[in-house]
$ cat query_13.cif   # mmCIF, C-alpha atoms
data_protein
loop_
_atom_site.label_atom_id
_atom_site.label_comp_id
_atom_site.auth_asym_id
_atom_site.auth_seq_id
_atom_site.Cartn_x
_atom_site.Cartn_y
_atom_site.Cartn_z
CA MET A 958 75.90 27.07 207.48
CA LYS A 959 72.59 28.90 207.92
CA TYR A 960 70.47 29.66 204.88
CA PRO A 961 68.05 32.60 204.95
CA GLY A 962 65.00 31.42 206.91
CA GLY A 963 62.45 32.01 204.19
CA ILE A 964 64.44 30.12 201.64
CA LYS A 965 64.92 27.20 204.01
CA ARG A 966 61.18 27.07 204.50
CA ILE A 967 60.51 26.97 200.78
CA ALA A 968 62.87 24.02 200.46
CA GLU A 969 61.51 22.17 203.45
CA ASN A 970 57.81 22.94 203.83
CA LEU A 971 56.29 24.45 200.77
CA GLU A 972 55.07 22.91 197.56
CA ILE A 973 57.72 23.07 194.85
CA PRO A 974 56.91 26.06 192.62
CA THR A 975 56.01 25.27 188.99
CA ASN A 976 59.36 26.42 187.66
CA TYR A 977 61.09 23.97 189.98
CA GLY A 978 58.92 21.05 188.88
CA ASN A 979 61.88 18.92 187.94
CA ARG A 980 64.09 19.67 190.90
CA GLY A 981 64.55 16.60 193.07
CA MET A 982 64.01 17.30 196.72
CA GLU A 983 65.51 13.96 197.75
CA LEU A 984 68.58 14.62 195.64
CA GLU A 985 68.68 18.12 197.13
CA LYS A 986 68.67 16.76 200.68
CA GLU A 987 71.45 14.30 199.85
CA LEU A 988 73.50 17.09 198.25
CA ASN A 989 73.02 19.36 201.25
CA ASP A 990 74.19 16.56 203.56
CA THR A 991 77.17 15.92 201.29
CA ASN A 992 78.07 19.63 201.24
CA ARG A 993 77.77 19.72 205.03
CA TYR A 994 80.20 16.78 205.17
CA TYR A 995 82.62 18.56 202.81
CA LEU A 996 82.49 21.70 204.97
CA ASP A 997 82.85 19.92 208.32
CA ASN A 998 85.83 17.96 207.01
CA ASN A 999 87.54 20.99 205.44
CA ILE A 1000 87.26 19.47 201.98
CA ALA A 1001 85.26 22.20 200.26
CA PHE A 1002 82.75 24.98 200.90
CA ILE A 1003 79.78 24.58 198.59
CA TYR A 1004 76.43 26.15 199.44
CA LYS A 1005 72.93 26.48 198.07
CA LYS A 1006 71.77 29.81 196.71
CA PRO A 1007 68.52 31.41 197.82
CA THR A 1008 65.50 30.82 195.60
CA PRO A 1009 64.94 34.04 193.64
CA ILE A 1010 61.76 35.91 194.51
CA LYS A 1011 59.98 38.59 192.52
CA ILE A 1012 58.44 41.28 194.76
CA THR A 1013 55.25 42.87 193.47
CA LYS A 1014 53.79 44.64 196.54
CA THR A 1015 55.38 46.19 199.63
CA GLU A 1016 54.05 48.06 202.66
CA TYR A 1017 55.34 49.77 205.80
CA LYS A 1018 54.90 47.90 209.06
CA ASN A 1019 56.44 48.72 212.45
CA ASN A 1020 59.98 49.86 211.77
CA GLY A 1021 60.47 48.74 208.22
CA LYS A 1022 59.18 47.90 204.79
CA ILE A 1023 57.67 44.42 204.40
CA ILE A 1024 56.69 42.46 201.33
CA LYS A 1025 52.93 42.00 200.88
CA GLU A 1026 53.07 40.09 197.60
CA ALA A 1027 55.82 38.24 195.83
CA PHE A 1028 56.28 35.29 193.48
CA PHE A 1029 58.83 32.56 193.03
CA ASP A 1030 60.97 33.84 190.18
CA SER A 1031 62.65 31.67 187.58
CA PRO A 1032 66.28 31.23 188.56
CA SER A 1033 68.98 33.18 186.68
CA THR A 1034 71.79 31.13 188.23
CA THR A 1035 72.34 27.52 189.22
CA ASP A 1036 71.40 26.01 192.61
CA TYR A 1037 74.82 25.46 194.15
CA ASN A 1038 78.14 27.19 194.11
CA GLY A 1039 81.24 27.49 196.20
CA LEU A 1040 84.92 26.64 196.18
CA TYR A 1041 87.12 23.59 196.21
CA ASN A 1042 90.86 24.11 196.77
CA GLY A 1043 90.38 27.75 195.83
CA LYS A 1044 88.70 26.84 192.53
CA TYR A 1045 85.22 28.07 191.67
CA ILE A 1046 82.66 25.26 191.52
CA ASP A 1047 79.05 25.59 190.40
CA PHE A 1048 76.30 23.13 189.55
CA GLU A 1049 72.62 22.53 188.99
CA ALA A 1050 70.91 19.40 190.36
CA LYS A 1051 67.82 17.82 188.82
CA GLU A 1052 65.82 14.62 189.02
CA THR A 1053 63.75 13.07 186.28
CA THR A 1054 61.36 10.12 186.34
CA SER A 1055 62.02 9.50 182.63
CA LYS A 1056 63.95 6.35 181.81
CA THR A 1057 65.12 7.53 178.40
CA SER A 1058 66.00 11.25 178.54
CA PHE A 1059 66.39 14.39 180.65
CA PRO A 1060 63.88 17.11 179.67
CA LEU A 1061 65.55 20.49 179.08
CA ALA A 1062 62.38 22.43 179.99
CA ASN A 1063 63.66 22.87 183.56
CA ILE A 1064 66.96 24.47 182.62
CA HIS A 1065 66.10 28.11 182.07
CA LYS A 1066 67.61 30.36 179.41
CA HIS A 1067 69.33 32.55 182.00
CA GLN A 1068 70.78 29.47 183.69
CA ILE A 1069 72.33 28.42 180.38
CA THR A 1070 73.86 31.90 180.07
CA HIS A 1071 75.16 31.53 183.63
CA ILE A 1072 76.69 28.11 182.85
CA ARG A 1073 78.25 29.55 179.68
CA ASN A 1074 79.80 32.44 181.61
CA ILE A 1075 81.32 30.05 184.15
CA ASN A 1076 82.58 27.80 181.38
CA ASN A 1077 84.17 30.80 179.60
CA ASN A 1078 85.96 31.77 182.80
CA SER A 1079 87.49 28.32 183.45
CA GLY A 1080 85.15 27.44 186.29
CA ILE A 1081 84.26 23.93 187.35
CA CYS A 1082 80.62 23.67 186.32
CA PHE A 1083 78.31 20.70 185.73
CA LEU A 1084 74.85 19.24 186.02
CA ILE A 1085 73.98 16.48 188.46
CA VAL A 1086 71.06 14.58 186.93
CA ARG A 1087 69.33 11.66 188.59
CA PHE A 1088 67.16 9.23 186.66
CA THR A 1089 65.06 8.29 189.70
CA THR A 1090 63.30 5.22 188.28
CA LEU A 1091 66.68 3.78 187.22
CA ASN A 1092 68.45 5.06 190.33
CA GLU A 1093 71.27 6.43 188.18
CA THR A 1094 72.94 9.74 189.06
CA TYR A 1095 75.19 11.40 186.50
CA LEU A 1096 77.62 14.29 186.58
CA LEU A 1097 77.59 15.99 183.17
CA PRO A 1098 80.35 18.62 182.70
CA SER A 1099 79.19 22.03 181.49
CA TYR A 1100 81.21 21.78 178.26
CA SER A 1101 79.42 18.54 177.35
CA PHE A 1102 76.06 20.05 178.29
CA LEU A 1103 76.70 23.18 176.19
CA LYS A 1104 78.03 21.10 173.31
CA TYR A 1105 74.75 19.18 173.27
CA ILE A 1106 72.38 22.16 173.39
CA ASP A 1107 74.48 24.08 170.85
CA ASN A 1108 74.33 21.21 168.38
CA ASN A 1109 70.83 19.87 168.96
CA GLN A 1110 67.40 21.43 168.72
CA LYS A 1111 65.95 18.64 170.85
CA LYS A 1112 63.84 19.26 173.97
CA SER A 1113 65.70 16.67 176.03
CA ILE A 1114 69.11 15.04 176.45
CA PRO A 1115 69.02 11.25 175.87
CA ARG A 1116 70.22 9.02 178.71
CA LYS A 1117 72.71 7.64 176.19
CA TYR A 1118 74.40 11.05 176.03
CA PHE A 1119 74.89 10.96 179.81
CA GLN A 1120 76.30 7.43 179.54
CA GLU A 1121 78.77 8.53 176.86
CA ASN A 1122 79.66 12.06 178.06
CA GLY A 1123 78.80 12.03 181.75
CA TYR A 1124 80.07 10.19 184.80
CA ILE A 1125 78.06 7.96 187.14
CA ILE A 1126 78.09 9.10 190.77
CA HIS A 1127 77.78 5.94 192.86
CA ASP A 1128 75.86 6.11 196.15
CA LYS A 1129 77.97 6.01 199.27
CA TYR A 1130 77.15 5.96 202.94
CA ILE A 1131 79.21 9.03 203.86
CA PRO A 1132 79.17 11.30 201.99
CA ARG A 1133 75.95 10.27 200.27
CA ILE A 1134 76.83 11.73 196.84
CA ASP A 1135 80.58 12.13 196.64
CA TYR A 1136 80.59 14.22 193.47
CA LEU A 1137 84.02 15.71 194.26
CA GLU A 1138 85.48 12.26 193.60
CA ILE A 1139 84.30 12.70 190.00
CA VAL A 1140 85.43 16.34 189.94
CA ASN A 1141 88.96 15.22 190.84
CA LYS A 1142 88.88 12.74 187.98
CA VAL A 1143 87.39 15.08 185.38
CA TYR A 1144 88.88 18.46 186.29
CA GLY A 1145 92.08 17.38 187.97
CA GLY A 1146 95.16 18.87 186.32
CA ALA A 1147 95.14 18.79 182.53
CA ASN A 1148 91.41 18.19 182.17
CA LEU A 1149 90.72 21.70 183.44
CA GLY A 1150 91.71 22.65 179.89
CA ASN A 1151 88.42 21.19 178.71
CA ASN A 1152 86.71 24.11 180.34
CA MET B 486 73.43 39.33 183.20
CA LYS B 487 69.86 39.43 184.56
CA TYR B 488 69.27 39.49 188.29
CA PRO B 489 65.98 38.15 189.70
CA GLY B 490 63.42 40.91 189.09
CA GLY B 491 62.30 41.34 192.68
CA ILE B 492 65.83 41.70 193.91
CA LYS B 493 66.64 44.28 191.27
CA ARG B 494 63.65 46.28 192.43
CA ILE B 495 64.80 46.23 196.02
CA ALA B 496 68.14 47.61 194.94
CA GLU B 497 66.68 50.25 192.69
CA ASN B 498 63.42 51.46 194.16
CA LEU B 499 62.95 50.48 197.73
CA GLU B 500 64.20 52.01 200.92
CA ILE B 501 67.33 50.24 202.11
CA PRO B 502 66.31 47.82 204.88
CA THR B 503 67.77 48.47 208.33
CA ASN B 504 70.24 45.63 208.08
CA TYR B 505 71.63 47.17 204.90
CA GLY B 506 72.00 50.61 206.48
CA ASN B 507 75.69 50.77 205.77
CA ARG B 508 75.65 49.43 202.24
CA GLY B 509 76.60 52.08 199.73
CA MET B 510 74.22 52.17 196.80
CA GLU B 511 76.59 54.38 194.81
CA LEU B 512 79.45 51.99 195.43
CA GLU B 513 77.10 49.15 194.51
CA LYS B 514 76.24 50.77 191.18
CA GLU B 515 79.92 51.34 190.38
CA LEU B 516 80.72 47.73 191.27
CA ASN B 517 77.90 46.41 189.09
CA ASP B 518 79.18 48.49 186.17
CA THR B 519 82.72 47.24 186.81
CA ASN B 520 81.52 43.62 186.92
CA ARG B 521 79.58 44.17 183.70
CA TYR B 522 82.83 45.44 182.14
CA TYR B 523 84.75 42.39 183.41
CA LEU B 524 82.11 40.07 181.95
CA ASP B 525 81.83 41.83 178.57
CA ASN B 526 85.61 41.80 178.20
CA ASN B 527 86.02 38.15 179.25
CA ILE B 528 88.09 39.15 182.26
CA ALA B 529 85.96 37.62 185.01
CA PHE B 530 82.41 36.61 185.88
CA ILE B 531 81.40 38.18 189.19
CA TYR B 532 77.76 38.66 190.09
CA LYS B 533 75.59 39.99 192.87
CA LYS B 534 73.63 37.58 195.01
CA PRO B 535 69.91 38.01 195.64
CA THR B 536 68.90 39.77 198.84
CA PRO B 537 67.72 37.06 201.25
CA ILE B 538 64.03 37.18 202.07
CA LYS B 539 62.21 35.51 204.96
CA ILE B 540 58.76 34.25 203.95
CA THR B 541 56.10 34.28 206.68
CA LYS B 542 52.81 33.85 204.78
CA THR B 543 51.88 32.14 201.51
CA GLU B 544 48.65 31.57 199.60
CA TYR B 545 47.40 29.86 196.45
CA LYS B 546 46.60 32.11 193.50
CA ASN B 547 45.92 31.06 189.90
CA ASN B 548 48.32 28.25 189.09
CA GLY B 549 50.77 28.53 191.93
CA LYS B 550 51.68 29.45 195.46
CA ILE B 551 52.42 33.12 196.06
CA ILE B 552 53.99 34.89 198.99
CA LYS B 553 51.58 37.09 200.99
CA GLU B 554 54.05 38.27 203.61
CA ALA B 555 57.83 38.28 203.75
CA PHE B 556 60.63 40.29 205.28
CA PHE B 557 64.12 41.31 204.27
CA ASP B 558 66.33 38.80 206.03
CA SER B 559 69.83 39.48 207.33
CA PRO B 560 72.36 38.15 204.84
CA SER B 561 74.18 34.89 205.58
CA THR B 562 76.64 35.35 202.73
CA THR B 563 78.47 38.28 201.14
CA ASP B 564 77.06 40.46 198.34
CA TYR B 565 79.21 39.40 195.42
CA ASN B 566 80.83 36.23 194.21
CA GLY B 567 82.05 34.65 191.03
CA LEU B 568 85.23 33.50 189.35
CA TYR B 569 88.41 34.98 187.98
CA ASN B 570 90.67 32.70 185.93
CA GLY B 571 88.87 29.73 187.45
CA LYS B 572 89.53 30.94 191.00
CA TYR B 573 86.68 31.55 193.44
CA ILE B 574 86.27 35.23 194.31
CA ASP B 575 83.92 36.66 196.92
CA PHE B 576 83.50 40.04 198.57
CA GLU B 577 81.32 42.36 200.58
CA ALA B 578 81.06 46.07 199.71
CA LYS B 579 80.23 48.78 202.22
CA GLU B 580 80.28 52.54 202.51
CA THR B 581 80.74 54.58 205.66
CA THR B 582 80.45 58.32 206.26
CA SER B 583 82.87 58.06 209.20
CA LYS B 584 86.29 59.65 208.69
CA THR B 585 88.03 57.61 211.36
CA SER B 586 86.72 54.02 211.34
CA PHE B 587 84.49 51.41 209.68
CA PRO B 588 81.65 50.25 212.01
CA LEU B 589 81.43 46.45 212.24
CA ALA B 590 77.71 46.53 213.05
CA ASN B 591 76.87 45.95 209.40
CA ILE B 592 78.91 42.79 208.98
CA HIS B 593 76.65 40.05 210.31
CA LYS B 594 77.78 37.04 212.32
CA HIS B 595 76.80 34.64 209.53
CA GLN B 596 78.72 36.72 206.99
CA ILE B 597 81.84 36.41 209.13
CA THR B 598 81.35 32.62 209.19
CA HIS B 599 80.95 32.71 205.41
CA ILE B 600 84.16 34.74 205.01
CA ARG B 601 85.98 32.33 207.34
CA ASN B 602 84.80 29.33 205.31
CA ILE B 603 86.05 30.90 202.08
CA ASN B 604 89.33 31.83 203.71
CA ASN B 605 89.76 28.25 205.00
CA ASN B 606 89.20 26.90 201.48
CA SER B 607 91.80 29.14 199.80
CA GLY B 608 89.28 31.45 198.17
CA ILE B 609 89.94 35.01 197.17
CA CYS B 610 87.84 36.96 199.64
CA PHE B 611 87.89 40.58 200.78
CA LEU B 612 85.93 43.65 201.83
CA ILE B 613 85.64 46.74 199.69
CA VAL B 614 85.10 49.65 202.07
CA ARG B 615 84.60 53.24 200.99
CA PHE B 616 85.07 56.16 203.34
CA THR B 617 82.68 58.42 201.42
CA THR B 618 83.54 61.74 203.05
CA LEU B 619 87.25 61.13 202.34
CA ASN B 620 86.55 59.52 198.95
CA GLU B 621 88.88 56.63 199.83
CA THR B 622 88.05 53.08 198.74
CA TYR B 623 90.01 50.20 200.25
CA LEU B 624 90.28 46.51 199.50
CA LEU B 625 90.88 44.64 202.77
CA PRO B 626 91.79 40.93 202.33
CA SER B 627 89.70 38.48 204.35
CA TYR B 628 92.74 37.25 206.32
CA SER B 629 93.46 40.81 207.48
CA PHE B 630 89.79 41.35 208.30
CA LEU B 631 89.59 38.10 210.30
CA LYS B 632 92.90 38.85 212.02
CA TYR B 633 91.45 42.14 213.23
CA ILE B 634 88.12 40.83 214.54
CA ASP B 635 89.82 37.80 216.13
CA ASN B 636 92.24 40.01 218.03
CA ASN B 637 90.08 43.00 218.87
CA GLN B 638 86.84 43.40 220.77
CA LYS B 639 86.25 46.78 219.16
CA LYS B 640 83.02 47.72 217.38
CA SER B 641 84.81 49.22 214.39
CA ILE B 642 87.99 48.94 212.33
CA PRO B 643 90.12 52.11 212.39
CA ARG B 644 90.90 53.75 209.05
CA LYS B 645 94.56 53.37 210.03
CA TYR B 646 94.14 49.57 209.89
CA PHE B 647 92.91 49.89 206.29
CA GLN B 648 95.87 52.13 205.47
CA GLU B 649 98.31 49.58 206.92
CA ASN B 650 96.64 46.28 205.91
CA GLY B 651 94.41 47.22 203.00
CA TYR B 652 94.97 48.52 199.49
CA ILE B 653 93.60 51.74 198.00
CA ILE B 654 91.46 51.21 194.88
CA HIS B 655 91.93 54.32 192.77
CA ASP B 656 88.99 55.59 190.70
CA LYS B 657 89.26 54.99 186.99
CA TYR B 658 87.08 55.93 184.08
CA ILE B 659 86.64 52.38 182.75
CA PRO B 660 86.25 50.23 184.71
CA ARG B 661 85.15 52.53 187.52
CA ILE B 662 86.54 50.40 190.37
CA ASP B 663 89.22 48.12 188.97
CA TYR B 664 89.54 45.93 192.06
CA LEU B 665 90.98 43.01 190.06
CA GLU B 666 94.11 45.13 189.55
CA ILE B 667 94.57 44.89 193.34
CA VAL B 668 93.56 41.20 193.38
CA ASN B 669 96.37 40.48 190.90
CA LYS B 670 98.82 42.27 193.17
CA VAL B 671 97.64 40.70 196.44
CA TYR B 672 96.63 37.18 195.41
CA GLY B 673 98.85 36.68 192.39
CA GLY B 674 101.08 33.61 192.78
CA ALA B 675 102.75 33.23 196.18
CA ASN B 676 100.43 35.61 198.02
CA LEU B 677 97.60 33.11 197.68
CA GLY B 678 99.41 31.39 200.54
CA ASN B 679 98.20 34.16 202.82
CA ASN B 680 94.72 32.74 202.48
#
$ encode --input "query_13.cif" --output "C-alpha cells"
Amino acid sequence: MKYPGGIKRIAENLEIPTNYGNRGMELEKELNDTNRYYLDNNIAFIYKKPTPIKITKTEYKNNGKIIKEAFFDSPSTTDYNGLYNGKYIDFEAKETTSKTSFPLANIHKHQITHIRNINNNSGICFLIVRFTTLNETYLLPSYSFLKYIDNNQKKSIPRKYFQENGYIIHDKYIPRIDYLEIVNKVYGGANLGNN
Amino acid sequence: MKYPGGIKRIAENLEIPTNYGNRGMELEKELNDTNRYYLDNNIAFIYKKPTPIKITKTEYKNNGKIIKEAFFDSPSTTDYNGLYNGKYIDFEAKETTSKTSFPLANIHKHQITHIRNINNNSGICFLIVRFTTLNETYLLPSYSFLKYIDNNQKKSIPRKYFQENGYIIHDKYIPRIDYLEIVNKVYGGANLGNN
C-alpha cells in the first residue's frame, strides 16, 4: 500500500522530529514489513497513519494553494490501525534504550484519549514497546496500559510491569514481529471481554 | 476529539484542493457532528483522518526541522475510520451536484485499493454520497461499489444504481446523519457475509 509521499519521506529521510524522539525507526521498519506480510497473505490489513502536520503559512502557486510553512504536530492518534478478521486493531510502537522502564513522555495526552476511546468501544488496542539494549519487545494491552497510568503518577512504566502484564513478542524470520500471534492469544474469544 | 491543528485549518479555512473538488464540506460538517454524537453517547468511535501532505522542502528553525514547502497530496485512504462494537468501520463521504450520476473522478486509485483491502478483511466499508440538488444521501456498501467499478468502464455511477444497491440515509435532528442505523440493517449479523 502506498503512503502519502511526504509522510513516507519523513519516515525514511528526515530527522525524527522532537515529539517523535522515542519512536524506534528500526522497530517501525520491522512493523511495516510485518504489516506488508499480513496484507500480502490476506491475514490482516494494518497500515501506518500519516504524521500530523500543522500548517502555518500558505500561498498560491500555479493552479493551487501550496504550504509555505508547516510544523510536525504532536500526534492525536496512534501510529498504526487497521482490521483483523473484521475487528478494529490499533497500536502505538515505541523503542527505549532504558533497561529499567519505559518513559511516558512520548505518549501524548491526546493519544491516551484515543486509546481510551478505542478501549471503551471494544477495540483491540495495545502498545508495542521495545527495550533496545535488552532486545526485548513487549505487547502491552491498552487496558493494562490505562490501568497503570490511572493508578500511578509515575513518569515511566517499569520493565517489571511489562513482564507481569505484557507479552513478549519473539523475533521471527517471516514475519519479523508476528504480533498477531499474541493478539490471538490475548484477544481471542473470551479475552475480548477484557477490553 | 482533537484533530491535528493544520488539518483542521485546511478543512475550515482553506480553499478545497483540486483533488478534493467533489468533497462536500457541508456533508463533512454534518458527519463530524454525528461522529461527535456517537462518541459522546458511547455508541461508536469514528474519526476523520488527516489530509495527506507531500513535503518538498524542509529547513532547520529554532529547535527543530520545519517544512518550507509542501503540497496537498491525493489521499491513499478514505476520509473516516474507527470502530463500532469492536468492528472496523471505514468510509468515504462525497457530495455531487449532478442529478443523474456520481462522478468517479474523485475516488482515487489508491482509495479503491484501500476499500478493496478492507472489503477483503471483512471490514464494514461504504461510501456516503449526497446528491445535493436532490437532497438525497445514500450509503453504498463497498461490495456494491466494487461490483460496479469491476463490471463497468463508466466514469460515473448512475443514481439508479444507488437507488437499487444503496440505502437512503434520512436526515434527523440528532444525530444529523444517523448512518449507523443503516449499518445495523446492512451489516448486522448474517449480512456481514456480503463483505
$ closest_residue --input "query_13.cif" --among "B:Asp525, B:Glu554, B:Glu577, B:Asp663" --to "chain A" --atoms "all atoms listed in the file"
B:Glu554
$ closest_atom_pairs --input "query_13.cif" --of "chain A" --to "chain B" --cutoff "6 Å" --atoms "all atoms listed in the file" --output "CSV"
residue,atom,partner,partner_atom,distance
A:Pro961,CA,B:Pro537,CA,5.8
A:Gly962,CA,B:Lys539,CA,5.3
A:Gly963,CA,B:Lys539,CA,3.6
A:Pro1009,CA,B:Pro489,CA,5.8
A:Ile1010,CA,B:Gly491,CA,5.8
A:Lys1011,CA,B:Gly491,CA,3.6
A:Ile1012,CA,B:Gly491,CA,4.4
A:Ile1023,CA,B:Phe556,CA,5.2
A:Ile1024,CA,B:Ala555,CA,5.0
A:Lys1025,CA,B:Glu554,CA,4.8
A:Glu1026,CA,B:Lys553,CA,4.8
A:Ala1027,CA,B:Ile552,CA,5.0
A:Phe1028,CA,B:Ile551,CA,5.1
A:Leu1040,CA,B:Tyr573,CA,5.9
A:Asn1042,CA,B:Asn606,CA,5.7
A:Gly1043,CA,B:Ser607,CA,4.4
A:Lys1044,CA,B:Lys572,CA,4.5
A:Tyr1045,CA,B:Tyr573,CA,4.2
A:Asn1078,CA,B:Asn570,CA,5.7
A:Ser1079,CA,B:Gly571,CA,4.5
A:Gly1080,CA,B:Gly571,CA,4.5
$ residues_around --input "query_13.cif" --residues "region 614-623 of chain B" --least-positions-apart "3" --cutoff "12 Å" --atoms "all atoms listed in the file" --output "count of residues only"
50
$ atom_distance --input "query_13.cif" --atom1 "CA of Tyr522 (chain B)" --atom2 "CA of Tyr1105 (chain A)"
28.9 Å
$ closest_residue --input "query_13.cif" --among "B:Val671, B:Ile659, B:Asn517, B:Ile597" --to "Leu625 (chain B)" --atoms "only C-alpha atoms"
B:Val671
$ atom_distance --input "query_13.cif" --atom1 "CA of Ile613 (chain B)" --atom2 "CA of Ser629 (chain B)"
12.5 Å
$ atom_distance --input "query_13.cif" --atom1 "CA of Lys594 (chain B)" --atom2 "CA of Leu631 (chain B)"
12.0 Å
$ closest_residue --input "query_13.cif" --among "A:Asn992, A:Ile1072, A:Asn1019, A:Lys986" --to "Leu1137 (chain A)" --atoms "all atoms listed in the file"
A:Asn992
